[in-house]
$ cat upload08.txt   # compact mmCIF, C-alpha atoms
# COMPACT_ATOMS: atom_id res chain seq x y z
CA MET A 625 -190.04 56.17 61.11
CA GLU A 626 -189.69 54.70 64.55
CA GLN A 627 -188.93 51.01 64.60
CA LYS A 628 -189.20 48.69 67.56
CA VAL A 629 -185.68 48.74 68.97
CA SER A 630 -184.28 46.14 71.35
CA LYS A 631 -183.16 46.99 74.86
CA SER A 632 -179.64 45.90 74.03
CA VAL A 633 -179.38 48.50 71.26
CA ILE A 634 -180.67 51.16 73.66
CA ARG A 635 -178.04 50.07 76.17
CA ARG A 636 -175.23 50.41 73.62
CA LEU A 637 -176.18 53.85 72.35
CA PRO A 638 -175.07 55.73 75.50
CA ILE A 639 -171.70 54.01 75.16
CA TYR A 640 -171.24 55.38 71.64
CA LEU A 641 -172.47 58.74 72.84
CA SER A 642 -170.09 59.03 75.74
CA TYR A 643 -167.18 58.01 73.50
CA LEU A 644 -168.12 60.57 70.84
CA LYS A 645 -168.60 63.33 73.39
CA ALA A 646 -165.26 62.59 75.05
CA LEU A 647 -163.30 63.02 71.80
CA PRO A 648 -161.14 66.16 71.76
CA ASP A 649 -162.36 69.17 69.79
CA ASP A 650 -159.59 68.73 67.22
CA ALA A 651 -160.48 65.08 66.45
CA PRO A 652 -161.48 64.42 62.81
CA GLU A 653 -164.86 65.82 61.84
CA ASN A 654 -166.06 62.44 60.53
CA ILE A 655 -166.09 59.07 62.22
CA SER A 656 -166.82 55.66 60.73
CA ALA A 657 -168.59 52.69 62.32
CA THR A 658 -165.30 50.80 61.95
CA THR A 659 -163.34 53.35 63.97
CA LEU A 660 -166.01 53.39 66.66
CA ALA A 661 -166.15 49.58 66.79
CA THR A 662 -162.37 49.29 67.12
CA ALA A 663 -162.16 51.95 69.84
CA LEU A 664 -164.90 50.31 71.90
CA CYS A 665 -163.93 46.66 71.22
CA MET A 666 -167.34 45.97 69.75
CA GLY A 667 -168.38 44.11 66.62
CA GLU A 668 -168.25 46.24 63.48
CA VAL A 669 -171.47 44.85 62.02
CA GLN A 670 -173.32 45.54 65.24
CA VAL A 671 -172.08 49.12 65.48
CA ARG A 672 -172.93 49.72 61.82
CA LYS A 673 -176.50 48.43 62.33
CA ASP A 674 -176.99 50.38 65.55
CA LEU A 675 -175.89 53.66 63.99
CA ALA A 676 -178.02 53.10 60.88
CA LEU A 677 -181.05 52.76 63.18
CA VAL A 678 -180.62 56.18 64.72
CA SER A 679 -179.07 58.23 61.96
CA ASP A 680 -179.29 58.39 58.19
CA GLY A 681 -176.19 60.60 57.97
CA GLY A 682 -173.69 57.80 57.25
CA ARG A 683 -171.81 58.03 53.94
CA PRO A 684 -169.75 55.19 52.39
CA LYS A 685 -165.97 55.53 53.00
CA VAL A 686 -166.54 58.77 54.95
CA GLY A 687 -168.68 57.73 57.90
CA TYR A 688 -170.80 60.06 59.98
CA ARG A 689 -170.32 63.72 60.79
CA ARG A 690 -169.43 63.45 64.45
CA GLU A 691 -171.58 66.39 65.55
CA SER A 692 -174.67 65.20 63.69
CA LEU A 693 -174.27 61.67 65.00
CA VAL A 694 -174.16 62.95 68.59
CA ALA A 695 -177.32 64.97 67.95
CA ASP A 696 -179.06 62.01 66.29
CA ILE A 697 -178.28 59.62 69.16
CA GLU A 698 -179.35 62.20 71.75
CA GLN A 699 -182.59 62.83 69.95
CA PHE A 700 -183.24 59.12 69.56
CA LEU A 701 -182.70 58.53 73.29
CA GLY A 702 -184.88 61.49 74.20
CA TYR A 703 -182.03 63.32 75.94
CA ASP A 704 -183.11 66.49 74.23
CA ASN A 705 -186.39 66.39 76.15
CA THR A 706 -185.78 66.68 79.84
CA ASN A 707 -187.64 64.11 81.88
CA ASP A 708 -188.67 65.20 85.34
CA ALA A 709 -188.54 62.55 88.06
CA VAL A 710 -189.42 62.14 91.71
CA LEU A 711 -187.33 60.14 94.15
CA ILE A 712 -188.75 58.23 97.11
CA GLY A 713 -186.51 57.52 100.07
CA ALA A 714 -184.17 60.29 101.18
CA GLY A 715 -181.65 58.08 102.95
CA LYS A 716 -177.96 58.19 102.05
CA MET A 717 -178.36 56.62 98.61
CA GLY A 718 -181.39 58.76 97.82
CA ARG A 719 -179.69 61.99 98.83
CA ALA A 720 -176.60 61.00 96.85
CA LEU A 721 -178.70 60.64 93.69
CA LEU A 722 -180.69 63.79 94.47
CA GLY A 723 -177.48 65.81 94.70
CA TYR A 724 -175.84 64.27 91.64
CA SER A 725 -175.81 66.88 88.91
CA GLY A 726 -174.53 64.48 86.24
CA PHE A 727 -178.01 63.17 85.38
CA SER A 728 -178.97 66.40 83.63
CA GLU A 729 -176.60 65.41 80.82
CA TYR A 730 -178.92 62.45 80.18
CA GLY A 731 -182.07 64.50 80.30
CA LEU A 732 -183.06 63.49 83.83
CA ASN A 733 -184.09 66.12 86.35
CA ILE A 734 -184.99 64.97 89.86
CA VAL A 735 -187.55 67.53 90.94
CA ALA A 736 -187.96 66.49 94.56
CA ALA A 737 -187.42 63.67 97.03
CA PHE A 738 -190.08 62.26 99.34
CA ASP A 739 -189.68 60.47 102.64
CA ALA A 740 -191.92 59.00 105.31
CA CYS A 741 -189.53 60.18 108.02
CA ASP A 742 -190.24 63.72 109.23
CA ALA A 743 -186.67 64.21 110.43
CA LEU A 744 -185.39 64.16 106.83
CA LEU A 745 -187.80 66.77 105.44
CA GLY A 746 -186.56 70.17 104.28
CA THR A 747 -183.99 70.77 101.58
CA ASP A 748 -180.86 68.79 100.78
CA GLU A 749 -177.37 70.26 100.28
CA SER A 750 -178.06 70.96 96.63
CA GLY A 751 -181.19 72.90 97.54
CA LYS A 752 -183.71 70.34 96.30
CA PRO A 753 -186.79 69.77 98.45
CA ILE A 754 -187.40 66.65 100.55
CA LEU A 755 -191.17 66.49 101.01
CA PRO A 756 -193.61 64.39 103.05
CA MET A 757 -195.25 61.45 101.27
CA ARG A 758 -198.70 63.12 101.40
CA ASP A 759 -197.46 65.74 98.88
CA LEU A 760 -196.50 63.10 96.29
CA GLY A 761 -199.81 62.99 94.40
CA ARG A 762 -200.14 66.74 94.06
CA LEU A 763 -196.60 67.22 92.77
CA CYS A 764 -196.82 64.32 90.28
CA ALA A 765 -200.11 65.61 88.90
CA HIS A 766 -199.00 69.23 88.78
CA ARG A 767 -195.65 68.59 87.07
CA LYS A 768 -196.92 65.59 85.01
CA ILE A 769 -194.08 63.44 86.36
CA LEU A 770 -193.58 60.07 84.61
CA ILE A 771 -190.38 58.73 86.24
CA GLY A 772 -190.11 57.54 89.84
CA ILE A 773 -186.83 56.56 91.51
CA ILE A 774 -187.08 54.15 94.43
CA THR A 775 -184.35 54.30 97.08
CA VAL A 776 -186.24 52.93 100.08
CA PRO A 777 -185.32 49.66 101.85
CA ALA A 778 -186.43 46.44 100.11
CA ALA A 779 -189.29 45.85 102.55
CA GLN A 780 -191.01 49.15 101.63
CA ALA A 781 -190.29 49.12 97.90
CA GLN A 782 -193.48 47.43 96.64
CA THR A 783 -195.75 49.77 98.62
CA VAL A 784 -193.87 52.79 97.29
CA CYS A 785 -193.99 51.35 93.76
CA ASP A 786 -197.79 50.92 93.96
CA GLU A 787 -198.16 54.48 95.22
CA LEU A 788 -196.03 55.86 92.37
CA ILE A 789 -198.09 54.00 89.77
CA ALA A 790 -201.33 55.20 91.38
CA ASN A 791 -199.97 58.71 90.87
CA GLY A 792 -199.34 58.30 87.15
CA ILE A 793 -195.69 57.16 87.08
CA LYS A 794 -194.90 55.10 83.94
CA ALA A 795 -191.23 54.21 84.45
CA ILE A 796 -189.52 53.17 87.67
CA TRP A 797 -185.82 53.21 88.41
CA ASN A 798 -185.49 50.77 91.27
CA PHE A 799 -182.47 50.87 93.60
CA ALA A 800 -184.11 48.65 96.24
CA PRO A 801 -182.71 45.12 96.14
CA THR A 802 -186.03 43.44 95.51
CA HIS A 803 -188.41 42.36 92.78
CA LEU A 804 -191.25 44.76 91.98
CA ASP A 805 -194.62 43.66 90.64
CA VAL A 806 -196.06 46.13 88.11
CA PRO A 807 -198.97 46.17 85.66
CA GLU A 808 -198.35 45.96 81.91
CA GLY A 809 -197.08 49.16 80.30
CA ILE A 810 -194.98 50.17 83.32
CA LEU A 811 -191.22 49.79 82.94
CA VAL A 812 -189.02 48.79 85.86
CA GLN A 813 -185.29 49.33 85.45
CA ASN A 814 -183.45 47.62 88.30
CA GLU A 815 -180.17 49.10 89.50
CA ASN A 816 -179.31 46.42 91.97
CA MET A 817 -176.05 47.34 93.61
CA ALA A 818 -176.40 44.42 96.01
CA THR A 819 -176.31 41.96 93.13
CA SER A 820 -173.29 43.72 91.63
CA LEU A 821 -171.52 43.47 94.94
CA ALA A 822 -172.41 39.79 95.18
CA VAL A 823 -170.85 39.14 91.76
CA LEU A 824 -167.67 41.01 92.74
CA SER A 825 -167.40 39.35 96.09
CA LYS A 826 -168.03 35.86 94.70
CA HIS A 827 -165.41 36.38 91.99
CA LEU A 828 -162.85 37.27 94.63
CA SER A 829 -163.60 34.36 96.93
CA ALA A 830 -163.32 31.97 93.95
CA GLN A 831 -159.96 33.53 93.02
CA ILE A 832 -158.60 33.26 96.52
CA LYS A 833 -159.62 29.59 96.78
CA ASN A 834 -157.88 28.79 93.48
CA ARG A 835 -154.52 30.16 94.60
CA MET B 875 -168.00 21.38 97.96
CA GLU B 876 -167.91 24.51 95.84
CA GLN B 877 -169.55 24.12 92.46
CA LYS B 878 -169.24 26.45 89.53
CA VAL B 879 -172.23 28.74 89.98
CA SER B 880 -173.71 30.91 87.25
CA LYS B 881 -173.80 34.70 87.49
CA SER B 882 -177.58 34.63 87.35
CA VAL B 883 -177.75 32.51 90.52
CA ILE B 884 -175.36 34.92 92.23
CA ARG B 885 -177.59 37.79 91.17
CA ARG B 886 -180.70 36.15 92.64
CA LEU B 887 -179.18 35.29 96.01
CA PRO B 888 -179.09 38.90 97.31
CA ILE B 889 -182.79 39.15 96.45
CA TYR B 890 -183.62 36.15 98.64
CA LEU B 891 -181.34 37.55 101.30
CA SER B 892 -182.92 40.98 101.41
CA TYR B 893 -186.39 39.43 101.55
CA LEU B 894 -185.42 37.09 104.39
CA LYS B 895 -183.72 39.87 106.35
CA ALA B 896 -186.72 42.17 105.94
CA LEU B 897 -189.15 39.66 107.50
CA PRO B 898 -190.40 40.74 110.93
CA ASP B 899 -188.90 39.08 113.99
CA ASP B 900 -192.16 37.27 114.74
CA ALA B 901 -192.41 35.66 111.26
CA PRO B 902 -192.39 31.83 111.25
CA GLU B 903 -189.05 30.27 112.12
CA ASN B 904 -189.04 28.13 108.97
CA ILE B 905 -189.52 29.16 105.35
CA SER B 906 -190.00 26.97 102.29
CA ALA B 907 -188.75 27.52 98.75
CA THR B 908 -192.42 27.69 97.70
CA THR B 909 -193.19 30.56 100.09
CA LEU B 910 -190.10 32.44 98.96
CA ALA B 911 -190.91 31.87 95.27
CA THR B 912 -194.49 33.12 95.69
CA ALA B 913 -193.44 36.20 97.65
CA LEU B 914 -190.84 37.18 95.06
CA CYS B 915 -192.82 36.16 91.93
CA MET B 916 -190.09 33.76 90.90
CA GLY B 917 -190.22 30.18 89.64
CA GLU B 918 -190.47 27.61 92.42
CA VAL B 919 -188.09 25.14 90.76
CA GLN B 920 -185.49 27.85 90.31
CA VAL B 921 -185.70 29.02 93.92
CA ARG B 922 -185.52 25.42 95.16
CA LYS B 923 -182.38 24.76 93.07
CA ASP B 924 -180.73 28.02 94.10
CA LEU B 925 -181.27 27.38 97.79
CA ALA B 926 -180.06 23.79 97.53
CA LEU B 927 -176.80 25.12 96.07
CA VAL B 928 -176.00 27.30 99.06
CA SER B 929 -177.52 25.43 101.97
CA ASP B 930 -178.06 21.81 102.93
CA GLY B 931 -180.47 22.77 105.72
CA GLY B 932 -183.70 22.26 103.72
CA ARG B 933 -186.11 19.62 105.08
CA PRO B 934 -189.09 18.19 103.16
CA LYS B 935 -192.44 19.80 104.11
CA VAL B 936 -190.67 22.07 106.63
CA GLY B 937 -188.31 24.13 104.55
CA TYR B 938 -185.29 25.98 105.84
CA ARG B 939 -184.63 27.52 109.25
CA ARG B 940 -184.76 31.19 108.34
CA GLU B 941 -181.78 32.18 110.44
CA SER B 942 -179.53 29.40 109.10
CA LEU B 943 -180.55 30.15 105.53
CA VAL B 944 -179.57 33.82 105.93
CA ALA B 945 -176.21 32.74 107.37
CA ASP B 946 -175.65 30.20 104.57
CA ILE B 947 -176.40 32.72 101.81
CA GLU B 948 -174.19 35.35 103.44
CA GLN B 949 -171.35 32.89 103.78
CA PHE B 950 -171.77 31.73 100.21
CA LEU B 951 -171.63 35.29 98.92
CA GLY B 952 -168.63 36.11 101.07
CA TYR B 953 -170.46 38.84 102.97
CA ASP B 954 -168.98 37.48 106.18
CA ASN B 955 -165.49 38.43 104.93
CA THR B 956 -165.18 42.15 104.48
CA ASN B 957 -163.67 43.16 101.18
CA ASP B 958 -161.67 46.37 101.20
CA ALA B 959 -161.92 48.53 98.09
CA VAL B 960 -160.43 51.70 96.66
CA LEU B 961 -162.42 54.22 94.64
CA ILE B 962 -160.95 56.33 91.85
CA GLY B 963 -162.62 59.60 90.97
CA ALA B 964 -163.86 61.74 93.85
CA GLY B 965 -166.45 63.71 91.87
CA LYS B 966 -170.07 63.83 92.97
CA MET B 967 -170.84 60.19 92.19
CA GLY B 968 -167.58 59.01 93.75
CA ARG B 969 -168.13 60.97 96.94
CA ALA B 970 -171.72 59.72 97.12
CA LEU B 971 -170.51 56.11 97.06
CA LEU B 972 -167.64 56.87 99.44
CA GLY B 973 -170.08 58.27 101.99
CA TYR B 974 -172.69 55.52 101.58
CA SER B 975 -172.60 53.40 104.69
CA GLY B 976 -175.00 50.78 103.30
CA PHE B 977 -172.25 48.83 101.51
CA SER B 978 -170.87 47.48 104.78
CA GLU B 979 -173.94 45.26 104.98
CA TYR B 980 -172.68 43.54 101.83
CA GLY B 981 -169.13 43.18 103.09
CA LEU B 982 -167.72 46.10 101.11
CA ASN B 983 -165.54 48.67 102.81
CA ILE B 984 -164.26 51.58 100.72
CA VAL B 985 -160.94 52.38 102.36
CA ALA B 986 -160.07 55.54 100.44
CA ALA B 987 -160.79 57.54 97.32
CA PHE B 988 -158.18 58.80 94.87
CA ASP B 989 -158.32 61.73 92.50
CA ALA B 990 -156.02 63.44 90.02
CA CYS B 991 -157.40 66.83 91.00
CA ASP B 992 -155.55 68.40 93.93
CA ALA B 993 -158.53 70.55 94.88
CA LEU B 994 -160.52 67.46 95.94
CA LEU B 995 -157.85 65.97 98.23
CA GLY B 996 -158.38 65.79 101.98
CA THR B 997 -161.19 63.98 103.74
CA ASP B 998 -164.82 63.69 102.70
CA GLU B 999 -167.83 64.37 104.95
CA SER B 1000 -167.77 60.84 106.31
CA GLY B 1001 -164.12 61.23 107.29
CA LYS B 1002 -162.69 58.97 104.60
CA PRO B 1003 -159.47 60.11 102.91
CA ILE B 1004 -159.28 61.41 99.33
CA LEU B 1005 -155.68 60.83 98.27
CA PRO B 1006 -153.49 61.78 95.29
CA MET B 1007 -153.09 59.14 92.56
CA ARG B 1008 -149.39 58.67 93.39
CA ASP B 1009 -150.39 57.05 96.71
CA LEU B 1010 -152.54 54.37 95.01
CA GLY B 1011 -149.85 51.70 94.63
CA ARG B 1012 -148.62 51.94 98.20
CA LEU B 1013 -152.09 51.71 99.71
CA CYS B 1014 -153.18 48.79 97.49
CA ALA B 1015 -150.02 46.84 98.34
CA HIS B 1016 -150.14 47.63 102.03
CA ARG B 1017 -153.86 46.78 102.52
CA LYS B 1018 -153.86 43.98 99.88
CA ILE B 1019 -156.82 45.62 98.13
CA LEU B 1020 -158.54 43.52 95.45
CA ILE B 1021 -161.57 45.67 94.48
CA GLY B 1022 -161.38 48.95 92.57
CA ILE B 1023 -164.37 51.22 91.96
CA ILE B 1024 -164.15 53.52 88.94
CA THR B 1025 -166.13 56.77 89.05
CA VAL B 1026 -164.08 58.90 86.65
CA PRO B 1027 -165.42 60.26 83.33
CA ALA B 1028 -165.57 57.77 80.45
CA ALA B 1029 -162.51 59.24 78.73
CA GLN B 1030 -160.24 58.48 81.72
CA ALA B 1031 -161.71 55.12 82.69
CA GLN B 1032 -159.41 52.81 80.70
CA THR B 1033 -156.24 54.49 81.99
CA VAL B 1034 -157.51 54.23 85.56
CA CYS B 1035 -158.51 50.61 84.98
CA ASP B 1036 -155.01 49.72 83.73
CA GLU B 1037 -153.45 51.44 86.72
CA LEU B 1038 -155.70 49.54 89.14
CA ILE B 1039 -154.80 46.20 87.54
CA ALA B 1040 -151.09 47.09 87.62
CA ASN B 1041 -151.56 47.56 91.36
CA GLY B 1042 -153.05 44.11 91.96
CA ILE B 1043 -156.80 44.81 91.66
CA LYS B 1044 -158.75 41.68 90.61
CA ALA B 1045 -162.33 42.97 90.43
CA ILE B 1046 -163.54 46.29 89.06
CA TRP B 1047 -166.86 47.96 89.70
CA ASN B 1048 -167.21 50.34 86.79
CA PHE B 1049 -169.54 53.36 87.00
CA ALA B 1050 -168.01 55.07 83.94
CA PRO B 1051 -170.27 54.74 80.90
CA THR B 1052 -167.72 52.98 78.74
CA HIS B 1053 -166.33 49.56 77.84
CA LEU B 1054 -163.19 48.49 79.72
CA ASP B 1055 -160.59 46.14 78.27
CA VAL B 1056 -159.11 43.81 80.88
CA PRO B 1057 -156.88 40.73 80.87
CA GLU B 1058 -158.32 37.29 81.67
CA GLY B 1059 -158.99 36.64 85.35
CA ILE B 1060 -160.09 40.22 86.05
CA LEU B 1061 -163.81 40.77 86.57
CA VAL B 1062 -165.53 43.95 85.42
CA GLN B 1063 -168.98 44.62 86.82
CA ASN B 1064 -170.57 47.51 84.93
CA GLU B 1065 -173.02 49.76 86.74
CA ASN B 1066 -174.00 51.86 83.82
CA MET B 1067 -176.51 54.42 84.99
CA ALA B 1068 -176.42 56.11 81.59
CA THR B 1069 -177.77 52.96 79.95
CA SER B 1070 -180.46 52.64 82.60
CA LEU B 1071 -181.49 56.20 81.96
CA ALA B 1072 -181.56 55.55 78.23
CA VAL B 1073 -183.91 52.60 78.73
CA LEU B 1074 -186.22 54.68 80.95
CA SER B 1075 -186.20 57.65 78.65
CA LYS B 1076 -186.79 55.55 75.53
CA HIS B 1077 -189.72 53.75 77.20
CA LEU B 1078 -191.33 57.09 77.96
CA SER B 1079 -190.86 58.57 74.51
CA ALA B 1080 -192.40 55.41 72.98
CA GLN B 1081 -195.34 55.66 75.38
CA ILE B 1082 -195.95 59.29 74.60
CA LYS B 1083 -195.87 58.64 70.84
CA ASN B 1084 -198.42 55.83 71.19
CA ARG B 1085 -200.97 57.99 72.96
$ encode --input "upload08.txt" --output "structure tokens"
Amino acid sequence: MEQKVSKSVIRRLPIYLSYLKALPDDAPENISATTLATALCMGEVQVRKDLALVSDGGRPKVGYRRESLVADIEQFLGYDNTNDAVLIGAGKMGRALLGYSGFSEYGLNIVAAFDACDALLGTDESGKPILPMRDLGRLCAHRKILIGIITVPAAQAQTVCDELIANGIKAIWNFAPTHLDVPEGILVQNENMATSLAVLSKHLSAQIKNR
Amino acid sequence: MEQKVSKSVIRRLPIYLSYLKALPDDAPENISATTLATALCMGEVQVRKDLALVSDGGRPKVGYRRESLVADIEQFLGYDNTNDAVLIGAGKMGRALLGYSGFSEYGLNIVAAFDACDALLGTDESGKPILPMRDLGRLCAHRKILIGIITVPAAQAQTVCDELIANGIKAIWNFAPTHLDVPEGILVQNENMATSLAVLSKHLSAQIKNR
């Protein structure tokens, strides 16, 4: 049984997961929705519903076996199947993501980066290849890549997005600070650091004015 | 006049800004809300309202002078005042952010990183210092730092958050995949890459099942 699950549930699950995985080895074997809700300052009813969606291992008054719950959430999120991804734009941000080993924990493996600038081609520090754009189609087809990460400047992002979709990409992780137009069935997840910085900066200027 | 402005407006402004700044030098001198709305696939009424909030330079049938509009948005967002920040957690993600020069465009300057692990102390590739945690208070007080960036593992994030607030930090940019408890008046901006990855991964597994 796979129900239609809202994005907000999917966004909360990694928070439960990281809490559960960070517990020390000698923590109690079972954990209840109540304990989890209290620890994470979240609503108990919400946590209970979320967990019931992904696991049928909950027992009244006992809770969930911690280990099974971790496995159930990981399976639900697809972390047990590694997703290969390509990254376009090997500037500073792109190379930072390319070299970040932490994504493997979430089932993401960046296979290669691509860039239009010849000077950047070769391999990065972590040994991953930075390839010319003309190799994109062949690699995507050969490795059946479904995730594309965009780290080019805003002005080039739509062109790159179109090229990714033309090469079979179904989900786009967009770090360019711009809106992307995509056909139905393609997911765009925006990671707009510029907007985050704007929120921070605006909060501070409001605070300073109110002093 | 400074009105109370919603977070969603503040999140859209950097999108206008990056579009305007990416236009070629020989683009028309004036730009209308309609043109901007069409280019970014956004509602015209919304764009018109947003721009009117930050600039009084709009003229009927003519629009805004592009250059003045860029300056007005930047001033509104506080990008013309550089905000100094400290970063806690000099692992891969932390060092990637520390070395990323692109933030300066948004008025963010990461002054130094801090880490509890002695082996990471020194300077990073870009020449920025990685300091021991005991130096945090002195540096924050001396440079009057108001922004803290958290790139430690989830299990350490709350402790680090409390320490930042104790040292006068008013706005926190949180990259740790966990909820942070903060007193009123402190802003937390979550940049949860784990949740983004969960959304991507879930979208793909649903797609594959529906084939």
$ closest_atom_pairs --input "upload08.txt" --of "chain B" --to "chain A" --cutoff "6 Å" --atoms "only C-alpha atoms" --output "JSON lines"
{"residue": "B:Arg885", "atom": "CA", "partner": "A:Thr819", "partner_atom": "CA", "distance": 4.8}
{"residue": "B:Pro888", "atom": "CA", "partner": "A:Thr819", "partner_atom": "CA", "distance": 5.9}
{"residue": "B:Ile889", "atom": "CA", "partner": "A:Thr802", "partner_atom": "CA", "distance": 5.5}
{"residue": "B:Ala896", "atom": "CA", "partner": "A:Ala779", "partner_atom": "CA", "distance": 5.6}
{"residue": "B:Leu951", "atom": "CA", "partner": "A:Lys826", "partner_atom": "CA", "distance": 5.6}
{"residue": "B:Lys966", "atom": "CA", "partner": "A:Tyr724", "partner_atom": "CA", "distance": 5.9}
{"residue": "B:Ala970", "atom": "CA", "partner": "A:Ala720", "partner_atom": "CA", "distance": 5.1}
{"residue": "B:Tyr974", "atom": "CA", "partner": "A:Lys716", "partner_atom": "CA", "distance": 5.9}
{"residue": "B:Ala1029", "atom": "CA", "partner": "A:Ala646", "partner_atom": "CA", "distance": 5.7}
{"residue": "B:Pro1051", "atom": "CA", "partner": "A:Ile639", "partner_atom": "CA", "distance": 6.0}
{"residue": "B:Thr1052", "atom": "CA", "partner": "A:Ile639", "partner_atom": "CA", "distance": 5.5}
{"residue": "B:Thr1069", "atom": "CA", "partner": "A:Arg635", "partner_atom": "CA", "distance": 4.8}
{"residue": "B:Ala1072", "atom": "CA", "partner": "A:Leu701", "partner_atom": "CA", "distance": 5.9}
{"residue": "B:Lys1076", "atom": "CA", "partner": "A:Leu701", "partner_atom": "CA", "distance": 5.5}
$ closest_residue --input "upload08.txt" --among "A:Ala676, A:Ile734, A:Ala765, A:Ala790" --to "A:Ser750" --atoms "only C-alpha atoms"
A:Ile734
$ atom_distance --input "upload08.txt" --atom1 "atom CA of A:Val776" --atom2 "atom CA of A:Asp759"
17.1 Å
$ atom_distance --input "upload08.txt" --atom1 "atom CA of A:Ala709" --atom2 "atom CA of A:Pro807"
19.6 Å
$ atom_distance --input "upload08.txt" --atom1 "atom CA of B:Pro1006" --atom2 "atom CA of A:Ala651"
29.9 Å
$ residues_around --input "upload08.txt" --residues "B:Ile905" --least-positions-apart "6" --cutoff "7 Å" --atoms "only C-alpha atoms" --output "JSON list (two decimals) with C-alpha atoms, in the coordinates of the input"
[["chain", "number", "residue", "atom", "x", "y", "z"],
["B", 937, "GLY", "CA", -188.31, 24.13, 104.55],
["B", 938, "TYR", "CA", -185.29, 25.98, 105.84],
["B", 939, "ARG", "CA", -184.63, 27.52, 109.25],
["B", 940, "ARG", "CA", -184.76, 31.19, 108.34]]
$ closest_residue --input "upload08.txt" --among "A:Leu660, A:Leu745, A:Leu755, A:Ile712" --to "A:Glu787" --atoms "only C-alpha atoms"
A:Ile712
$ residues_near_point --input "upload08.txt" --point "(-188.7, 62.8, 94.2)" --cutoff "7 Å" --atoms "all atoms listed in the file" --output "NGL selection string"
:A and (709-712 or 734-738 or 772)
$ build_atoms --input "upload08.txt" --residues "stretch 916-932 of chain B" --atoms "N, CA and C atoms" --output "short mmCIF file (atom, residue, chain, number, x, y, z; two decimals), in the coordinates of the input"
data_model
loop_
_atom_site.label_atom_id
_atom_site.label_comp_id
_atom_site.auth_asym_id
_atom_site.auth_seq_id
_atom_site.Cartn_x
_atom_site.Cartn_y
_atom_site.Cartn_z
N MET B 916 -191.12 34.48 91.64
CA MET B 916 -190.09 33.76 90.90
C MET B 916 -190.52 32.32 90.75
N GLY B 917 -189.88 31.59 89.85
CA GLY B 917 -190.22 30.18 89.64
C GLY B 917 -189.82 29.33 90.84
N GLU B 918 -190.73 28.41 91.22
CA GLU B 918 -190.47 27.61 92.42
C GLU B 918 -189.27 26.68 92.23
N VAL B 919 -189.18 26.08 91.03
CA VAL B 919 -188.09 25.14 90.76
C VAL B 919 -186.74 25.86 90.86
N GLN B 920 -186.72 27.06 90.29
CA GLN B 920 -185.49 27.85 90.31
C GLN B 920 -185.06 28.18 91.75
N VAL B 921 -186.01 28.65 92.54
CA VAL B 921 -185.70 29.02 93.92
C VAL B 921 -185.20 27.78 94.68
N ARG B 922 -185.90 26.66 94.48
CA ARG B 922 -185.52 25.42 95.16
C ARG B 922 -184.08 25.02 94.81
N LYS B 923 -183.74 25.10 93.51
CA LYS B 923 -182.38 24.76 93.07
C LYS B 923 -181.34 25.72 93.66
N ASP B 924 -181.67 27.01 93.60
CA ASP B 924 -180.73 28.02 94.10
C ASP B 924 -180.42 27.78 95.57
N LEU B 925 -181.47 27.55 96.35
CA LEU B 925 -181.27 27.38 97.79
C LEU B 925 -180.47 26.11 98.09
N ALA B 926 -180.76 25.05 97.30
CA ALA B 926 -180.06 23.79 97.53
C ALA B 926 -178.56 23.93 97.26
N LEU B 927 -178.21 24.87 96.38
CA LEU B 927 -176.80 25.12 96.07
C LEU B 927 -176.03 25.72 97.25
N VAL B 928 -176.72 26.55 98.02
CA VAL B 928 -176.00 27.30 99.06
C VAL B 928 -176.22 26.75 100.45
N SER B 929 -177.23 25.90 100.62
CA SER B 929 -177.52 25.43 101.97
C SER B 929 -177.98 23.98 101.92
N ASP B 930 -177.54 23.18 102.87
CA ASP B 930 -178.06 21.81 102.93
C ASP B 930 -179.03 21.66 104.11
N GLY B 931 -179.58 22.80 104.55
CA GLY B 931 -180.47 22.77 105.72
C GLY B 931 -181.95 22.58 105.38
N GLY B 932 -182.29 22.38 104.09
CA GLY B 932 -183.70 22.26 103.72
C GLY B 932 -184.26 20.91 104.12
#
